[in-house]
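Asker: So I've got this file, upload.pdb, and it contains PDB, C-alpha atoms and all ligand atoms:
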ATOM      1  CA  MET J 204       1.715  -9.307 -25.473
ATOM      2  CA  GLU J 205      -0.346  -9.495 -22.316
ATOM      3  CA  LYS J 206       0.165  -6.568 -20.024
ATOM      4  CA  ASN J 207       2.191  -7.359 -16.901
ATOM      5  CA  LYS J 208       0.104  -7.751 -13.805
ATOM      6  CA  GLN J 209       0.280  -4.760 -11.546
ATOM      7  CA  ILE J 210       0.967  -4.302  -7.882
ATOM      8  CA  LEU J 211      -2.069  -2.530  -6.498
ATOM      9  CA  VAL J 212      -1.647   0.281  -3.993
ATOM     10  CA  LEU J 213      -4.913   1.008  -2.212
ATOM     11  CA  GLY J 214      -6.140   2.616   0.987
ATOM     12  CA  LEU J 215      -8.193   5.582   2.160
ATOM     13  CA  ASP J 216      -7.502   9.083   0.848
ATOM     14  CA  GLY J 217      -4.628  10.785   2.616
ATOM     15  CA  ALA J 218      -3.081   7.557   3.910
ATOM     16  CA  GLY J 219       0.130   8.307   2.028
ATOM     17  CA  LYS J 220      -0.037   5.964  -0.985
ATOM     18  CA  THR J 221       1.460   8.412  -3.479
ATOM     19  CA  SER J 222       4.101   9.623  -1.042
ATOM     20  CA  VAL J 223       5.203   6.071  -0.202
ATOM     21  CA  LEU J 224       5.197   4.992  -3.833
ATOM     22  CA  HIS J 225       7.246   7.938  -5.084
ATOM     23  CA  SER J 226       9.691   7.559  -2.196
ATOM     24  CA  LEU J 227      10.146   3.855  -3.005
ATOM     25  CA  ALA J 228      10.696   4.700  -6.668
ATOM     26  CA  LEU J 229      13.311   7.387  -5.986
ATOM     27  CA  ASN J 230      14.912   5.830  -2.888
ATOM     28  CA  LYS J 231      14.538   9.343  -1.488
ATOM     29  CA  VAL J 232      11.673  10.781   0.503
ATOM     30  CA  GLN J 233       9.231  12.557  -1.777
ATOM     31  CA  HIS J 234       5.875  13.788  -0.491
ATOM     32  CA  SER J 235       2.958  13.876  -2.865
ATOM     33  CA  VAL J 236       1.713  17.327  -3.803
ATOM     34  CA  ALA J 237      -1.955  16.559  -4.404
ATOM     35  CA  PRO J 238      -4.571  13.857  -3.921
ATOM     36  CA  THR J 239      -4.686  11.277  -6.692
ATOM     37  CA  GLN J 240      -7.645  11.974  -8.946
ATOM     38  CA  GLY J 241      -8.076   8.545 -10.457
ATOM     39  CA  PHE J 242      -5.028   6.447 -11.246
ATOM     40  CA  ASN J 243      -1.305   6.800 -10.664
ATOM     41  CA  GLU J 244       1.004   4.332 -12.404
ATOM     42  CA  VAL J 245       4.585   4.016 -11.224
ATOM     43  CA  CYS J 246       7.264   1.718 -12.625
ATOM     44  CA  ILE J 247      10.123   0.712 -10.339
ATOM     45  CA  ASN J 248      13.166  -1.035 -11.727
ATOM     46  CA  THR J 249      15.588  -2.861  -9.509
ATOM     47  CA  GLU J 250      18.667  -4.837 -10.554
ATOM     48  CA  GLU J 251      16.672  -8.051 -10.788
ATOM     49  CA  SER J 252      13.191  -6.960 -11.631
ATOM     50  CA  GLN J 253      10.781  -4.502 -13.092
ATOM     51  CA  MET J 254       7.663  -3.753 -11.118
ATOM     52  CA  GLU J 255       4.552  -1.913 -12.169
ATOM     53  CA  PHE J 256       2.520  -0.273  -9.426
ATOM     54  CA  LEU J 257      -0.988   1.048  -9.789
ATOM     55  CA  GLU J 258      -2.343   3.417  -7.159
ATOM     56  CA  ILE J 259      -6.034   4.181  -7.305
ATOM     57  CA  GLY J 260      -7.160   7.328  -5.486
ATOM     58  CA  GLY J 261      -8.670   6.740  -2.072
ATOM     59  CA  SER J 262     -11.387   9.388  -2.153
ATOM     60  CA  GLU J 263     -14.922   8.152  -2.325
ATOM     61  CA  PRO J 264     -15.516   8.512  -6.116
ATOM     62  CA  PHE J 265     -12.546   6.294  -6.951
ATOM     63  CA  ARG J 266     -13.156   3.485  -4.457
ATOM     64  CA  SER J 267     -15.581   1.757  -6.805
ATOM     65  CA  TYR J 268     -12.607   1.014  -9.066
ATOM     66  CA  TRP J 269     -10.625  -0.766  -6.362
ATOM     67  CA  GLU J 270     -12.444  -4.071  -6.605
ATOM     68  CA  MET J 271     -12.504  -3.926 -10.407
ATOM     69  CA  TYR J 272      -8.728  -3.894 -10.548
ATOM     70  CA  LEU J 273      -8.177  -6.442  -7.819
ATOM     71  CA  SER J 274      -8.530  -9.428 -10.129
ATOM     72  CA  LYS J 275      -5.750  -8.008 -12.296
ATOM     73  CA  GLY J 276      -3.472  -7.438  -9.321
ATOM     74  CA  LEU J 277      -0.318  -9.361  -8.537
ATOM     75  CA  LEU J 278      -0.400  -8.371  -4.931
ATOM     76  CA  LEU J 279      -2.059  -5.765  -2.771
ATOM     77  CA  ILE J 280      -0.300  -3.034  -0.860
ATOM     78  CA  PHE J 281      -2.739  -1.467   1.584
ATOM     79  CA  VAL J 282      -1.669   1.823   3.151
ATOM     80  CA  VAL J 283      -3.196   3.233   6.333
ATOM     81  CA  ASP J 284      -2.626   6.467   8.232
ATOM     82  CA  SER J 285      -1.628   5.087  11.642
ATOM     83  CA  ALA J 286      -2.633   8.335  13.354
ATOM     84  CA  ASP J 287      -6.109   8.561  11.819
ATOM     85  CA  HIS J 288      -7.733   6.537  14.596
ATOM     86  CA  ASN J 289     -11.298   7.475  13.643
ATOM     87  CA  ARG J 290     -11.042   6.050  10.172
ATOM     88  CA  LEU J 291      -9.297   2.771  11.001
ATOM     89  CA  PRO J 292     -12.655   0.915  11.145
ATOM     90  CA  GLU J 293     -13.450   2.224   7.658
ATOM     91  CA  ALA J 294     -10.033   1.170   6.397
ATOM     92  CA  LYS J 295     -10.539  -2.271   7.944
ATOM     93  CA  LYS J 296     -13.934  -2.667   6.288
ATOM     94  CA  HIS J 297     -12.554  -1.850   2.845
ATOM     95  CA  LEU J 298      -9.502  -4.041   3.280
ATOM     96  CA  HIS J 299     -11.566  -7.089   4.229
ATOM     97  CA  GLN J 300     -14.049  -6.456   1.417
ATOM     98  CA  LEU J 301     -11.180  -6.360  -1.048
ATOM     99  CA  ILE J 302      -9.289  -9.428   0.069
ATOM    100  CA  GLY J 303     -12.512 -11.371   0.531
ATOM    101  CA  THR J 304     -12.672 -11.741  -3.235
ATOM    102  CA  ASN J 305      -9.266 -13.443  -3.478
ATOM    103  CA  PRO J 306      -8.077 -15.816  -0.726
ATOM    104  CA  ILE J 307      -4.466 -16.084  -1.944
ATOM    105  CA  LEU J 308      -3.592 -12.586  -3.098
ATOM    106  CA  PRO J 309      -0.525 -11.604  -1.037
ATOM    107  CA  LEU J 310      -1.075  -8.606   1.209
ATOM    108  CA  VAL J 311       1.474  -6.034   2.322
ATOM    109  CA  VAL J 312       0.171  -3.489   4.828
ATOM    110  CA  PHE J 313       1.974  -0.212   5.400
ATOM    111  CA  ALA J 314       1.128   1.302   8.778
ATOM    112  CA  ASN J 315       2.222   4.712   7.544
ATOM    113  CA  LYS J 316       2.841   8.051   9.311
ATOM    114  CA  GLN J 317       4.713   6.370  12.151
ATOM    115  CA  ASP J 318       6.501   9.710  12.645
ATOM    116  CA  LEU J 319       3.328  11.304  14.023
ATOM    117  CA  GLU J 320       3.002  11.345  17.769
ATOM    118  CA  ALA J 321      -0.562  10.042  17.631
ATOM    119  CA  ALA J 322       0.417   7.086  15.433
ATOM    120  CA  TYR J 323      -0.648   3.659  16.652
ATOM    121  CA  HIS J 324       2.124   1.113  17.009
ATOM    122  CA  ILE J 325       2.056  -1.649  14.396
ATOM    123  CA  THR J 326       0.753  -4.159  16.945
ATOM    124  CA  ASP J 327      -2.316  -1.932  17.442
ATOM    125  CA  ILE J 328      -2.708  -1.530  13.689
ATOM    126  CA  HIS J 329      -2.570  -5.326  13.370
ATOM    127  CA  GLU J 330      -5.468  -5.552  15.771
ATOM    128  CA  ALA J 331      -7.460  -2.577  14.426
ATOM    129  CA  LEU J 332      -7.351  -4.029  10.906
ATOM    130  CA  ALA J 333      -8.020  -7.587  12.149
ATOM    131  CA  LEU J 334      -4.994  -8.827  10.233
ATOM    132  CA  SER J 335      -5.146 -12.184  12.017
ATOM    133  CA  GLU J 336      -8.297 -12.811   9.957
ATOM    134  CA  VAL J 337      -6.908 -12.395   6.454
ATOM    135  CA  GLY J 338      -6.907 -16.140   5.813
ATOM    136  CA  ASN J 339      -4.464 -18.994   6.332
ATOM    137  CA  ASP J 340      -3.530 -19.346   2.674
ATOM    138  CA  ARG J 341      -2.448 -15.768   2.266
ATOM    139  CA  LYS J 342       1.013 -14.293   2.656
ATOM    140  CA  MET J 343       0.660 -11.187   4.810
ATOM    141  CA  PHE J 344       3.280  -8.670   5.906
ATOM    142  CA  LEU J 345       3.001  -5.531   7.994
ATOM    143  CA  PHE J 346       5.518  -2.675   7.983
ATOM    144  CA  GLY J 347       5.584   0.534   9.984
ATOM    145  CA  THR J 348       6.528   3.255   7.511
ATOM    146  CA  GLN J 349       7.053   6.987   7.486
ATOM    147  CA  VAL J 350       7.585   9.587   4.838
ATOM    148  CA  THR J 351       9.514  12.362   6.546
ATOM    149  CA  GLU J 352      11.630  15.154   5.124
ATOM    150  CA  ASN J 353      11.718  15.561   1.358
ATOM    151  CA  GLY J 354      15.076  14.533  -0.082
ATOM    152  CA  SER J 355      16.202  12.439   2.896
ATOM    153  CA  GLU J 356      17.044   8.739   2.621
ATOM    154  CA  ILE J 357      14.061   6.413   2.909
ATOM    155  CA  PRO J 358      14.035   4.486   6.195
ATOM    156  CA  SER J 359      15.646   1.044   6.010
ATOM    157  CA  VAL J 360      12.292  -0.578   6.751
ATOM    158  CA  MET J 361      10.970   0.848   3.483
ATOM    159  CA  GLN J 362      13.991  -0.498   1.632
ATOM    160  CA  ASP J 363      13.259  -3.903   3.204
ATOM    161  CA  ALA J 364       9.619  -3.639   2.162
ATOM    162  CA  LYS J 365      10.644  -2.855  -1.401
ATOM    163  CA  ASP J 366      12.922  -5.922  -1.523
ATOM    164  CA  LEU J 367      10.149  -8.103  -0.135
ATOM    165  CA  ILE J 368       7.630  -6.778  -2.655
ATOM    166  CA  ALA J 369      10.070  -7.554  -5.474
ATOM    167  CA  HIS J 370      10.377 -11.150  -4.221
ATOM    168  CA  LEU J 371       6.624 -11.588  -3.785
ATOM    169  CA  ALA J 372       5.963 -10.148  -7.236
ATOM    170  CA  ALA J 373       8.540 -12.466  -8.816
ATOM    171  CA  ASP J 374       6.935 -15.473  -7.081
ATOM    172  CA  MET J 375       3.507 -14.505  -8.385
ATOM    173  CA  GLN J 376       4.510 -13.925 -12.040
TER     174      GLN J 376
HETATM  175  N1  LIG W 401       3.739  13.139   8.704
HETATM  176  C1  LIG W 401       3.548  12.361   7.639
HETATM  177  N2  LIG W 401       2.840  12.811   6.586
HETATM  178  C2  LIG W 401       2.689  12.001   5.526
HETATM  179  C3  LIG W 401       3.258  10.692   5.489
HETATM  180  N3  LIG W 401       2.935  10.122   4.311
HETATM  181  C4  LIG W 401       2.196  11.035   3.639
HETATM  182  N4  LIG W 401       2.049  12.166   4.347
HETATM  183  C5  LIG W 401       1.270  13.375   3.973
HETATM  184  O1  LIG W 401      -0.098  13.009   3.945
HETATM  185  C6  LIG W 401      -0.790  13.678   2.890
HETATM  186  C7  LIG W 401      -1.470  12.684   1.969
HETATM  187  O2  LIG W 401      -0.475  11.918   1.310
HETATM  188  P1  LIG W 401      -0.720  11.232  -0.118
HETATM  189  O3  LIG W 401       0.516  10.469  -0.441
HETATM  190  O4  LIG W 401      -1.190  12.226  -1.101
HETATM  191  O5  LIG W 401      -1.925  10.245   0.250
HETATM  192  P2  LIG W 401      -2.709   9.254  -0.740
HETATM  193  O6  LIG W 401      -2.956   8.004   0.031
HETATM  194  O7  LIG W 401      -1.979   9.101  -2.017
HETATM  195  O8  LIG W 401      -4.101  10.019  -0.954
HETATM  196  P3  LIG W 401      -5.104   9.915  -2.236
HETATM  197  O9  LIG W 401      -4.293   9.993  -3.462
HETATM  198  O10 LIG W 401      -6.040  11.072  -2.080
HETATM  199  O11 LIG W 401      -5.842   8.619  -2.105
HETATM  200  C8  LIG W 401       0.259  14.549   2.183
HETATM  201  O12 LIG W 401       0.192  15.852   2.708
HETATM  202  C9  LIG W 401       1.582  13.882   2.570
HETATM  203  O13 LIG W 401       2.645  14.803   2.572
HETATM  204  C10 LIG W 401       4.003  10.228   6.635
HETATM  205  O14 LIG W 401       4.510   9.111   6.722
HETATM  206  N5  LIG W 401       4.107  11.116   7.674
HETATM  207 MG    MG W 402      -2.435   9.489  -3.953
END
Would you give me this structure, written as structure tokens?
Answerer:
Amino acid sequence: MEKNKQILVLGLDGAGKTSVLHSLALNKVQHSVAPTQGFNEVCINTEESQMEFLEIGGSEPFRSYWEMYLSKGLLLIFVVDSADHNRLPEAKKHLHQLIGTNPILPLVVFANKQDLEAAYHITDIHEALALSEVGNDRKMFLFGTQVTENGSEIPSVMQDAKDLIAHLAADMQ
């Protein structure tokens, strides 16, 4: 049997990919304990669907794998640290390189760390990442997310994002 296509979770190191993914899986806030050295596979089952997520570490040595896995991806979740102003241009560059190879791959952007005082509002993230230029044939969604206190409920916006991802993934199967 052919392996199910995976939902790719990419973005610079420290953006919060693992933390977001584990929180979505548990429906409870769960911070990551260490940077992802390579790959991190997470399966999330909802009442209607089963979703397989693949995070690839964001540190430099692992970025060469991002593009390799893109063709096998069902959709792309791109996570940015909204307070890491200096690295937004770098995040933008990588995002556009990635999506440039596939004009219809749906894109879900998480403007993460909205709890930090220095965090840019999602409208500024939209501009900093040039999300108006992702192509007319692509479905694109942007959510402001935050991973706060371990064990607390995930914010409703993250629950909404999870529902949307399930729908997008089902459409793409
Ligand atoms: N304040 C705050 N901290 C966060 C948030 N999300 C993640 N963090 C913290 O940011 C750090 C990096 O989070 P990770 O989830 O490991 O980031 P990552 O994108 O998986 O990083 P790599 O695996 O190295 O690519 C950790 O110390 C997290 O606890 C958030 O929304 N707010
Ligand atoms: Mg990680």
Asker: List the residues selected by the PyMOL selection byres (((not hetatm)) within 9 of (chain W and resi 401)) in the file shown, writing them as an NGL selection string.
Answerer: :J and (212-225 or 233-243 or 258-262 or 265 or 282-285 or 314-319 or 348-352)
Asker: Kindly list the centre and edge lengths in Å, rounded to one decimal, for the axis-aligned box that covers all listed atoms of segment 258-272 of chain J plus 5 Å on each of its six sides, as lines of an AutoDock Vina configuration file.
Answerer:
center_x = -9.0
center_y = 2.7
center_z = -6.3
size_x = 23.2
size_y = 23.5
size_z = 18.5
Asker: For atom CA of Phe344 of chain J and atom CA of Leu211 of chain J, determine how far apart the two atoms are, in Å to one decimal place.
Answerer: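 That distance, rounded to one decimal, is 14.8 Å.
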Asker: Spell out the residues picked by the PyMOL selection byres (((chain J and resi 358-363) around 9) and not hetatm) here, as a list in words.
Answerer: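 Given this file, the PyMOL selection byres (((chain J and resi 358-363) around 9) and not hetatm) evaluates to Val223, Ser226, Leu227, Asn230, Val232, Phe346, Gly347, Thr348, Gln349, Val350, Ser355, Glu356, Ile357, Ala364, Lys365, Asp366, Leu367 and Ile368 of chain J.
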Asker: Any idea what the distance is between atom CA of Gly354 of chain J and atom CA of Val311 of chain J?
Answerer: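 Between atom CA of Gly354 of chain J and atom CA of Val311 of chain J the gap is 24.8 Å.
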